[in-house]
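Asker: File model.pdb below, PDB, C-alpha atoms:
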```pdb
ATOM      1  CA  ALA A   1      50.835  -5.501 -39.892
ATOM      2  CA  GLN A   2      54.061  -7.330 -40.334
ATOM      3  CA  SER A   3      54.168 -11.062 -40.768
ATOM      4  CA  VAL A   4      56.621 -13.808 -41.597
ATOM      5  CA  THR A   5      55.865 -16.979 -43.538
ATOM      6  CA  GLN A   6      58.197 -19.917 -43.662
ATOM      7  CA  LEU A   7      57.231 -22.248 -46.479
ATOM      8  CA  GLY A   8      57.536 -25.858 -45.430
ATOM      9  CA  SER A   9      57.483 -26.859 -41.789
ATOM     10  CA  HIS A  10      59.729 -29.832 -42.573
ATOM     11  CA  VAL A  11      62.513 -30.045 -45.126
ATOM     12  CA  SER A  12      64.635 -33.119 -45.756
ATOM     13  CA  VAL A  13      67.866 -33.148 -47.741
ATOM     14  CA  SER A  14      70.694 -35.573 -48.338
ATOM     15  CA  GLU A  15      74.112 -34.916 -46.921
ATOM     16  CA  GLY A  16      76.053 -32.832 -49.442
ATOM     17  CA  ALA A  17      72.922 -31.480 -51.137
ATOM     18  CA  LEU A  18      71.838 -27.863 -51.358
ATOM     19  CA  VAL A  19      69.844 -26.518 -48.426
ATOM     20  CA  LEU A  20      67.103 -24.005 -49.240
ATOM     21  CA  LEU A  21      64.802 -22.762 -46.501
ATOM     22  CA  ARG A  22      62.210 -20.242 -47.580
ATOM     23  CA  CYS A  23      61.088 -17.119 -45.786
ATOM     24  CA  ASN A  24      58.705 -14.440 -47.041
ATOM     25  CA  TYR A  25      57.753 -11.362 -45.105
ATOM     26  CA  SER A  26      55.261  -8.576 -45.295
ATOM     27  CA  SER A  27      56.180  -5.142 -44.085
ATOM     28  CA  SER A  28      55.079  -1.622 -44.867
ATOM     29  CA  VAL A  29      58.584  -0.305 -44.300
ATOM     30  CA  PRO A  30      62.000  -1.830 -44.997
ATOM     31  CA  PRO A  31      62.512  -4.395 -42.281
ATOM     32  CA  TYR A  32      65.453  -5.947 -40.560
ATOM     33  CA  LEU A  33      65.501  -9.694 -41.124
ATOM     34  CA  PHE A  34      67.056 -12.519 -39.179
ATOM     35  CA  TRP A  35      67.628 -16.239 -39.330
ATOM     36  CA  TYR A  36      68.062 -18.155 -36.088
ATOM     37  CA  VAL A  37      68.893 -21.821 -35.581
ATOM     38  CA  GLN A  38      67.845 -24.075 -32.710
ATOM     39  CA  TYR A  39      69.678 -27.343 -32.209
ATOM     40  CA  PRO A  40      67.869 -30.084 -30.260
ATOM     41  CA  ASN A  41      67.304 -29.200 -26.618
ATOM     42  CA  GLN A  42      69.024 -25.849 -27.015
ATOM     43  CA  GLY A  43      68.070 -22.202 -27.148
ATOM     44  CA  LEU A  44      68.187 -20.221 -30.381
ATOM     45  CA  GLN A  45      71.316 -18.648 -31.827
ATOM     46  CA  LEU A  46      71.707 -16.092 -34.583
ATOM     47  CA  LEU A  47      72.773 -17.419 -37.982
ATOM     48  CA  LEU A  48      72.719 -14.112 -39.860
ATOM     49  CA  LYS A  49      70.884 -10.821 -40.162
ATOM     50  CA  TYR A  50      70.030  -8.258 -42.825
ATOM     51  CA  THR A  51      70.064  -4.639 -41.700
ATOM     52  CA  SER A  52      69.866  -2.709 -45.010
ATOM     53  CA  ALA A  53      73.501  -3.059 -46.027
ATOM     54  CA  ALA A  54      74.505  -5.715 -48.593
ATOM     55  CA  THR A  55      71.568  -7.754 -49.826
ATOM     56  CA  LEU A  56      73.560 -10.996 -49.739
ATOM     57  CA  VAL A  57      74.336 -11.789 -46.144
ATOM     58  CA  LYS A  58      76.811 -14.419 -45.027
ATOM     59  CA  GLY A  59      76.369 -16.103 -41.689
ATOM     60  CA  ILE A  60      77.923 -18.787 -39.572
ATOM     61  CA  ASN A  61      78.411 -22.430 -40.548
ATOM     62  CA  GLY A  62      78.414 -21.677 -44.285
ATOM     63  CA  PHE A  63      74.864 -20.321 -44.455
ATOM     64  CA  GLU A  64      73.867 -17.261 -46.416
ATOM     65  CA  ALA A  65      70.653 -15.444 -47.284
ATOM     66  CA  GLU A  66      69.659 -12.951 -49.926
ATOM     67  CA  PHE A  67      67.266 -10.093 -49.339
ATOM     68  CA  LYS A  68      65.016  -9.657 -52.379
ATOM     69  CA  LYS A  69      62.765  -6.670 -51.947
ATOM     70  CA  SER A  70      60.802  -7.317 -55.141
ATOM     71  CA  GLU A  71      59.919 -10.801 -53.937
ATOM     72  CA  THR A  72      59.698  -9.867 -50.231
ATOM     73  CA  SER A  73      61.871 -12.872 -49.538
ATOM     74  CA  PHE A  74      64.861 -13.723 -47.387
ATOM     75  CA  HIS A  75      65.609 -17.368 -48.210
ATOM     76  CA  LEU A  76      68.378 -19.214 -46.393
ATOM     77  CA  THR A  77      70.797 -21.379 -48.353
ATOM     78  CA  LYS A  78      73.821 -23.568 -47.854
ATOM     79  CA  PRO A  79      75.587 -25.201 -50.800
ATOM     80  CA  SER A  80      76.296 -28.517 -49.107
ATOM     81  CA  ALA A  81      74.365 -29.905 -46.152
ATOM     82  CA  HIS A  82      76.134 -31.521 -43.243
ATOM     83  CA  MET A  83      74.639 -33.898 -40.719
ATOM     84  CA  SER A  84      75.254 -31.299 -38.015
ATOM     85  CA  ASP A  85      72.902 -28.870 -39.795
ATOM     86  CA  ALA A  86      69.874 -30.866 -38.640
ATOM     87  CA  ALA A  87      67.975 -28.372 -36.520
ATOM     88  CA  GLU A  88      64.985 -26.028 -36.386
ATOM     89  CA  TYR A  89      65.398 -22.776 -38.315
ATOM     90  CA  PHE A  90      63.443 -19.614 -37.614
ATOM     91  CA  CYS A  91      63.069 -16.511 -39.739
ATOM     92  CA  ALA A  92      62.213 -13.250 -37.951
ATOM     93  CA  VAL A  93      61.530  -9.627 -38.864
ATOM     94  CA  SER A  94      61.742  -6.553 -36.706
ATOM     95  CA  ARG A  95      58.696  -4.438 -36.081
ATOM     96  CA  PRO A  96      59.593  -0.772 -36.521
ATOM     97  CA  ASN A  97      56.716   0.764 -34.614
ATOM     98  CA  ALA A  98      56.984   3.268 -31.817
ATOM     99  CA  GLY A  99      56.326   1.529 -28.537
ATOM    100  CA  ASN A 100      56.787  -1.859 -30.118
ATOM    101  CA  ASN A 101      60.158  -1.470 -31.720
ATOM    102  CA  ARG A 102      61.793  -3.983 -29.457
ATOM    103  CA  LYS A 103      59.849  -6.976 -30.688
ATOM    104  CA  LEU A 104      60.622  -9.496 -33.335
ATOM    105  CA  ILE A 105      57.949 -11.174 -35.444
ATOM    106  CA  TRP A 106      58.758 -14.859 -35.799
ATOM    107  CA  GLY A 107      57.997 -17.417 -38.435
ATOM    108  CA  LEU A 108      56.745 -20.799 -37.268
ATOM    109  CA  GLY A 109      60.011 -22.511 -38.026
ATOM    110  CA  THR A 110      61.298 -25.119 -40.457
ATOM    111  CA  SER A 111      62.692 -28.393 -39.218
ATOM    112  CA  LEU A 112      65.637 -29.495 -41.350
ATOM    113  CA  ALA A 113      66.522 -33.187 -41.514
ATOM    114  CA  VAL A 114      69.767 -34.289 -43.163
ATOM    115  CA  ASN A 115      69.906 -37.844 -44.431
ATOM    116  CA  PRO A 116      73.156 -39.759 -44.789
TER     117      PRO A 116
ATOM    118  CA  ASP B   1      81.451 -15.929 -23.787
ATOM    119  CA  VAL B   2      78.100 -14.190 -23.539
ATOM    120  CA  LYS B   3      75.511 -15.963 -21.513
ATOM    121  CA  VAL B   4      71.854 -16.123 -20.734
ATOM    122  CA  THR B   5      71.229 -18.624 -17.982
ATOM    123  CA  GLN B   6      67.877 -20.084 -17.077
ATOM    124  CA  SER B   7      67.641 -21.554 -13.608
ATOM    125  CA  SER B   8      66.190 -24.944 -14.588
ATOM    126  CA  ARG B   9      66.291 -27.112 -17.706
ATOM    127  CA  TYR B  10      63.362 -29.278 -16.622
ATOM    128  CA  LEU B  11      60.605 -28.546 -14.138
ATOM    129  CA  VAL B  12      57.529 -30.473 -13.066
ATOM    130  CA  LYS B  13      54.850 -28.628 -11.110
ATOM    131  CA  ARG B  14      51.339 -29.338  -9.939
ATOM    132  CA  THR B  15      48.225 -27.556 -11.111
ATOM    133  CA  GLY B  16      47.567 -24.477  -9.006
ATOM    134  CA  GLU B  17      51.154 -24.022  -7.848
ATOM    135  CA  LYS B  18      52.887 -20.667  -8.178
ATOM    136  CA  VAL B  19      55.891 -21.159 -10.421
ATOM    137  CA  PHE B  20      58.963 -18.979 -10.796
ATOM    138  CA  LEU B  21      61.243 -19.190 -13.814
ATOM    139  CA  GLU B  22      64.461 -17.260 -13.428
ATOM    140  CA  CYS B  23      66.712 -15.831 -16.115
ATOM    141  CA  VAL B  24      70.048 -14.076 -15.685
ATOM    142  CA  GLN B  25      72.208 -12.438 -18.358
ATOM    143  CA  ASP B  26      75.775 -11.242 -18.001
ATOM    144  CA  MET B  27      75.947  -8.919 -21.018
ATOM    145  CA  ASP B  28      74.534  -5.731 -19.475
ATOM    146  CA  HIS B  29      71.635  -5.847 -21.958
ATOM    147  CA  GLU B  30      68.702  -3.521 -21.506
ATOM    148  CA  ASN B  31      66.091  -5.713 -23.188
ATOM    149  CA  MET B  32      64.952  -9.029 -21.838
ATOM    150  CA  PHE B  33      62.218 -11.323 -23.141
ATOM    151  CA  TRP B  34      60.199 -14.364 -22.181
ATOM    152  CA  TYR B  35      58.854 -16.623 -24.917
ATOM    153  CA  ARG B  36      57.039 -19.885 -24.920
ATOM    154  CA  GLN B  37      57.632 -22.387 -27.685
ATOM    155  CA  ASP B  38      55.077 -25.006 -28.680
ATOM    156  CA  PRO B  39      55.104 -27.410 -31.631
ATOM    157  CA  GLY B  40      53.483 -25.847 -34.668
ATOM    158  CA  LEU B  41      53.089 -22.467 -32.977
ATOM    159  CA  GLY B  42      56.669 -21.207 -33.100
ATOM    160  CA  LEU B  43      57.826 -18.653 -30.546
ATOM    161  CA  ARG B  44      55.220 -16.527 -28.840
ATOM    162  CA  LEU B  45      56.195 -13.526 -26.768
ATOM    163  CA  ILE B  46      54.812 -13.494 -23.242
ATOM    164  CA  TYR B  47      56.405 -10.364 -21.772
ATOM    165  CA  PHE B  48      59.409  -8.199 -22.350
ATOM    166  CA  SER B  49      61.279  -5.593 -20.379
ATOM    167  CA  TYR B  50      63.402  -2.753 -21.719
ATOM    168  CA  ASP B  51      64.668  -1.461 -18.388
ATOM    169  CA  VAL B  52      64.695  -2.245 -14.707
ATOM    170  CA  LYS B  53      61.161  -2.290 -13.301
ATOM    171  CA  MET B  54      59.748  -1.724 -16.793
ATOM    172  CA  LYS B  55      57.657  -4.352 -18.532
ATOM    173  CA  GLU B  56      55.341  -4.649 -21.476
ATOM    174  CA  LYS B  57      52.879  -7.330 -22.394
ATOM    175  CA  GLY B  58      53.650  -9.490 -25.331
ATOM    176  CA  ASP B  59      51.208 -11.492 -27.376
ATOM    177  CA  ILE B  60      50.106 -14.017 -24.734
ATOM    178  CA  PRO B  61      50.476 -12.486 -21.242
ATOM    179  CA  GLU B  62      47.378 -14.055 -19.677
ATOM    180  CA  GLY B  63      48.217 -16.228 -16.701
ATOM    181  CA  TYR B  64      51.737 -14.839 -16.417
ATOM    182  CA  SER B  65      53.488 -11.983 -14.712
ATOM    183  CA  VAL B  66      57.109 -10.828 -14.672
ATOM    184  CA  SER B  67      59.537  -9.087 -12.403
ATOM    185  CA  ARG B  68      62.685  -7.154 -13.199
ATOM    186  CA  GLU B  69      64.225  -5.730 -10.061
ATOM    187  CA  LYS B  70      67.801  -5.826 -11.358
ATOM    188  CA  LYS B  71      69.105  -5.278 -14.856
ATOM    189  CA  GLU B  72      70.575  -8.739 -15.190
ATOM    190  CA  ARG B  73      67.599 -10.725 -13.916
ATOM    191  CA  PHE B  74      64.152 -11.246 -15.436
ATOM    192  CA  SER B  75      61.693 -13.577 -13.742
ATOM    193  CA  LEU B  76      58.581 -15.159 -15.201
ATOM    194  CA  ILE B  77      55.823 -16.038 -12.766
ATOM    195  CA  LEU B  78      52.962 -18.409 -13.347
ATOM    196  CA  GLU B  79      50.476 -17.257 -10.732
ATOM    197  CA  SER B  80      48.515 -20.512 -10.693
ATOM    198  CA  ALA B  81      49.964 -23.110 -13.013
ATOM    199  CA  SER B  82      47.615 -24.919 -15.354
ATOM    200  CA  THR B  83      48.150 -27.874 -17.651
ATOM    201  CA  ASN B  84      47.863 -25.648 -20.740
ATOM    202  CA  GLN B  85      51.019 -23.875 -19.575
ATOM    203  CA  THR B  86      53.037 -27.011 -20.157
ATOM    204  CA  SER B  87      55.611 -25.785 -22.657
ATOM    205  CA  MET B  88      59.205 -24.857 -23.398
ATOM    206  CA  TYR B  89      60.019 -21.418 -22.007
ATOM    207  CA  LEU B  90      62.840 -19.396 -23.523
ATOM    208  CA  CYS B  91      64.455 -16.301 -22.089
ATOM    209  CA  ALA B  92      66.392 -13.880 -24.305
ATOM    210  CA  SER B  93      68.208 -10.581 -24.006
ATOM    211  CA  SER B  94      69.426  -7.902 -26.400
ATOM    212  CA  LEU B  95      70.876  -4.419 -26.474
ATOM    213  CA  ARG B  96      68.404  -1.572 -26.647
ATOM    214  CA  THR B  97      68.549   0.435 -29.845
ATOM    215  CA  GLY B  98      67.019   3.729 -30.751
ATOM    216  CA  GLY B  99      64.976   2.473 -33.648
ATOM    217  CA  PHE B 100      64.578  -0.881 -35.277
ATOM    218  CA  LEU B 101      65.407  -3.940 -33.315
ATOM    219  CA  ASN B 102      68.525  -4.670 -35.286
ATOM    220  CA  THR B 103      70.706  -6.318 -32.731
ATOM    221  CA  GLU B 104      71.159  -9.962 -31.970
ATOM    222  CA  ALA B 105      69.005 -11.601 -29.323
ATOM    223  CA  PHE B 106      70.813 -14.089 -27.108
ATOM    224  CA  PHE B 107      68.814 -17.006 -25.806
ATOM    225  CA  GLY B 108      69.016 -19.220 -22.783
ATOM    226  CA  GLN B 109      68.866 -23.009 -23.049
ATOM    227  CA  GLY B 110      65.193 -23.096 -22.241
ATOM    228  CA  THR B 111      63.125 -24.530 -19.409
ATOM    229  CA  ARG B 112      60.816 -27.388 -20.239
ATOM    230  CA  LEU B 113      57.925 -27.022 -17.822
ATOM    231  CA  THR B 114      55.406 -29.776 -17.269
ATOM    232  CA  VAL B 115      52.292 -29.023 -15.241
ATOM    233  CA  VAL B 116      50.518 -32.110 -13.950
TER     234      VAL B 116
END
```
So, in terms of structure tokens, how does the structure I just supplied come out?

Answerer:
Amino acid sequence: AQSVTQLGSHVSVSEGALVLLRCNYSSSVPPYLFWYVQYPNQGLQLLLKYTSAATLVKGINGFEAEFKKSETSFHLTKPSAHMSDAAEYFCAVSRPNAGNNRKLIWGLGTSLAVNP
Amino acid sequence: DVKVTQSSRYLVKRTGEKVFLECVQDMDHENMFWYRQDPGLGLRLIYFSYDVKMKEKGDIPEGYSVSREKKERFSLILESASTNQTSMYLCASSLRTGGFLNTEAFFGQGTRLTVV
């Protein structure tokens, strides 16, 4: 069965510091991987996705993620945090199974705080 | 601008009431989803629909039902609301694909339901 683990439910960084949000997955077949962001009192929006093309994926707002098959990881990074990056971040993996191929498996989320 | 619109941002209902949460999308998407989001539990799929009048149970369908009479509208129904259904409810839509779920899901703003 597929699963997604986000290490660290809360991460705090200083403004201007590197952001690193960790995501590990388990999958018996190559998955598609996603990062979504949820700002306070909002729905989720897609930051970036990996769909078996380039392993380094660039997303919106300066975020990027690297698919590492050997480590089964898809960590999200941003070189310099901004106050507006404070939000909840979710990693998700698709489930490629007949009859269930329209579902995403979600991590529990990581809340990012950015300190001035 | 693509849009998923949920009928209410905040809702307060009494125990035992029948509650309707409405979701409309204007992107001609085949797939539509209802999630609930609770602190520490991430997003949990209640139901999804991949076509008009088609529905499949998600991970936590008990106490809920859905209706999809038109492609753009997906309704979540709480047959008899209970206090443990107090939660944030998120609707989402996406294009149907032949295999992996590799397309972006678009989310509504969410409905925060309180059952008293």

Asker: Choose the residue, out of A:Thr77, A:Ser9, A:Ser26, A:Asn115, that has the smallest atom-to-atom separation from chain B; count only C-alpha atoms.

Answerer: A:Ser9

Asker: What is the atom CA of Lys68 of chain A-atom CA of Leu18 of chain A distance in Å, reported with one decimal?

Answerer: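 Between these atoms lies a distance of 19.5 Å.
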
Asker: If you count only C-alpha atoms, which residues fall within 6 Å of segment 43-55 of chain A, apart from same-chain ones fewer than 4 positions away, as a ChimeraX atom specification?

Answerer: /A:32-38,59-60,66-67 /B:107-110

Asker: Measuring between all atoms listed in the file, which one of B:Val66, B:Ile46, B:Leu90, B:Ala81 shows the shortest distance to Thr114 of chain B?

Answerer: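 Closest to Thr114 of chain B, using all atoms listed in the file: B:Ala81.
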
Asker: I need the output of the PyMOL selection byres ((chain B) within 12 of (chain A)) for this file as a PyMOL selection string; which residues are they?

Answerer: chain B and resi 2-6+9-10+30-51+55-59+88-112

Asker: Tell me which of A:Ala87, A:Val4, A:Val13, A:Leu21 sits closest to Glu64 of chain A, counting all atoms listed in the file.

Answerer: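 Selected residue with least distance to Glu64 of chain A: A:Leu21.
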
Asker: Quote the spacing between atom CA of Lys58 of chain A and atom CA of Met27 of chain B in Å to one decimal place.

Answerer: 24.6 Å

Asker: Missing atoms in segment 9-20 of chain A: fill them in up to all heavy atoms and send the result as a CSV table (one decimal), in the coordinates of the input.

Answerer:
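For reference, selection_17.csv as written:
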```
chain,number,residue,atom,x,y,z
A,9,SER,N,57.1,-26.7,-43.2
A,9,SER,CA,57.5,-26.9,-41.8
A,9,SER,C,58.6,-27.9,-41.6
A,9,SER,O,59.3,-27.9,-40.6
A,9,SER,CB,56.2,-27.2,-41.0
A,9,SER,OG,55.7,-28.4,-41.5
A,10,HIS,N,58.7,-28.8,-42.6
A,10,HIS,CA,59.7,-29.8,-42.6
A,10,HIS,C,60.4,-29.9,-43.9
A,10,HIS,O,59.7,-30.0,-45.0
A,10,HIS,CB,59.1,-31.2,-42.2
A,10,HIS,CG,58.6,-31.3,-40.8
A,10,HIS,ND1,57.3,-31.0,-40.5
A,10,HIS,CD2,59.2,-31.7,-39.7
A,10,HIS,CE1,57.1,-31.1,-39.2
A,10,HIS,NE2,58.2,-31.5,-38.7
A,11,VAL,N,61.7,-29.9,-43.9
A,11,VAL,CA,62.5,-30.0,-45.1
A,11,VAL,C,63.5,-31.1,-44.9
A,11,VAL,O,64.2,-31.2,-43.8
A,11,VAL,CB,63.2,-28.7,-45.5
A,11,VAL,CG1,64.2,-29.0,-46.6
A,11,VAL,CG2,62.2,-27.7,-45.9
A,12,SER,N,63.7,-32.0,-45.9
A,12,SER,CA,64.6,-33.1,-45.8
A,12,SER,C,65.6,-33.1,-46.9
A,12,SER,O,65.1,-33.0,-48.1
A,12,SER,CB,63.9,-34.4,-45.7
A,12,SER,OG,64.8,-35.5,-45.6
A,13,VAL,N,66.9,-33.2,-46.7
A,13,VAL,CA,67.9,-33.1,-47.7
A,13,VAL,C,68.9,-34.3,-47.5
A,13,VAL,O,69.0,-34.7,-46.3
A,13,VAL,CB,68.6,-31.8,-47.9
A,13,VAL,CG1,67.6,-30.7,-48.2
A,13,VAL,CG2,69.4,-31.5,-46.6
A,14,SER,N,69.6,-34.6,-48.5
A,14,SER,CA,70.7,-35.6,-48.3
A,14,SER,C,72.0,-34.8,-48.0
A,14,SER,O,72.2,-33.7,-48.4
A,14,SER,CB,70.9,-36.4,-49.6
A,14,SER,OG,69.8,-37.1,-49.9
A,15,GLU,N,72.8,-35.5,-47.3
A,15,GLU,CA,74.1,-34.9,-46.9
A,15,GLU,C,74.8,-34.5,-48.2
A,15,GLU,O,74.9,-35.3,-49.2
A,15,GLU,CB,75.0,-35.9,-46.1
A,15,GLU,CG,76.2,-35.3,-45.5
A,15,GLU,CD,76.9,-36.3,-44.5
A,15,GLU,OE1,76.7,-37.5,-44.6
A,15,GLU,OE2,77.7,-35.8,-43.7
A,16,GLY,N,75.4,-33.3,-48.2
A,16,GLY,CA,76.1,-32.8,-49.4
A,16,GLY,C,75.2,-32.1,-50.4
A,16,GLY,O,75.6,-31.4,-51.3
A,17,ALA,N,73.9,-32.2,-50.2
A,17,ALA,CA,72.9,-31.5,-51.1
A,17,ALA,C,72.7,-30.0,-50.7
A,17,ALA,O,73.0,-29.6,-49.6
A,17,ALA,CB,71.6,-32.2,-51.2
A,18,LEU,N,72.1,-29.3,-51.6
A,18,LEU,CA,71.8,-27.9,-51.4
A,18,LEU,C,70.7,-27.8,-50.3
A,18,LEU,O,69.7,-28.5,-50.4
A,18,LEU,CB,71.4,-27.2,-52.6
A,18,LEU,CG,70.8,-25.8,-52.5
A,18,LEU,CD1,71.9,-24.8,-52.2
A,18,LEU,CD2,70.1,-25.4,-53.8
A,19,VAL,N,70.9,-26.8,-49.4
A,19,VAL,CA,69.8,-26.5,-48.4
A,19,VAL,C,69.2,-25.2,-48.9
A,19,VAL,O,69.9,-24.2,-49.1
A,19,VAL,CB,70.4,-26.4,-47.0
A,19,VAL,CG1,69.3,-25.9,-46.0
A,19,VAL,CG2,71.1,-27.7,-46.5
A,20,LEU,N,67.9,-25.2,-48.9
A,20,LEU,CA,67.1,-24.0,-49.2
A,20,LEU,C,65.9,-24.0,-48.3
A,20,LEU,O,65.0,-24.8,-48.4
A,20,LEU,CB,66.6,-24.0,-50.7
A,20,LEU,CG,65.6,-22.9,-51.1
A,20,LEU,CD1,66.2,-21.5,-50.9
A,20,LEU,CD2,65.2,-23.0,-52.5
```
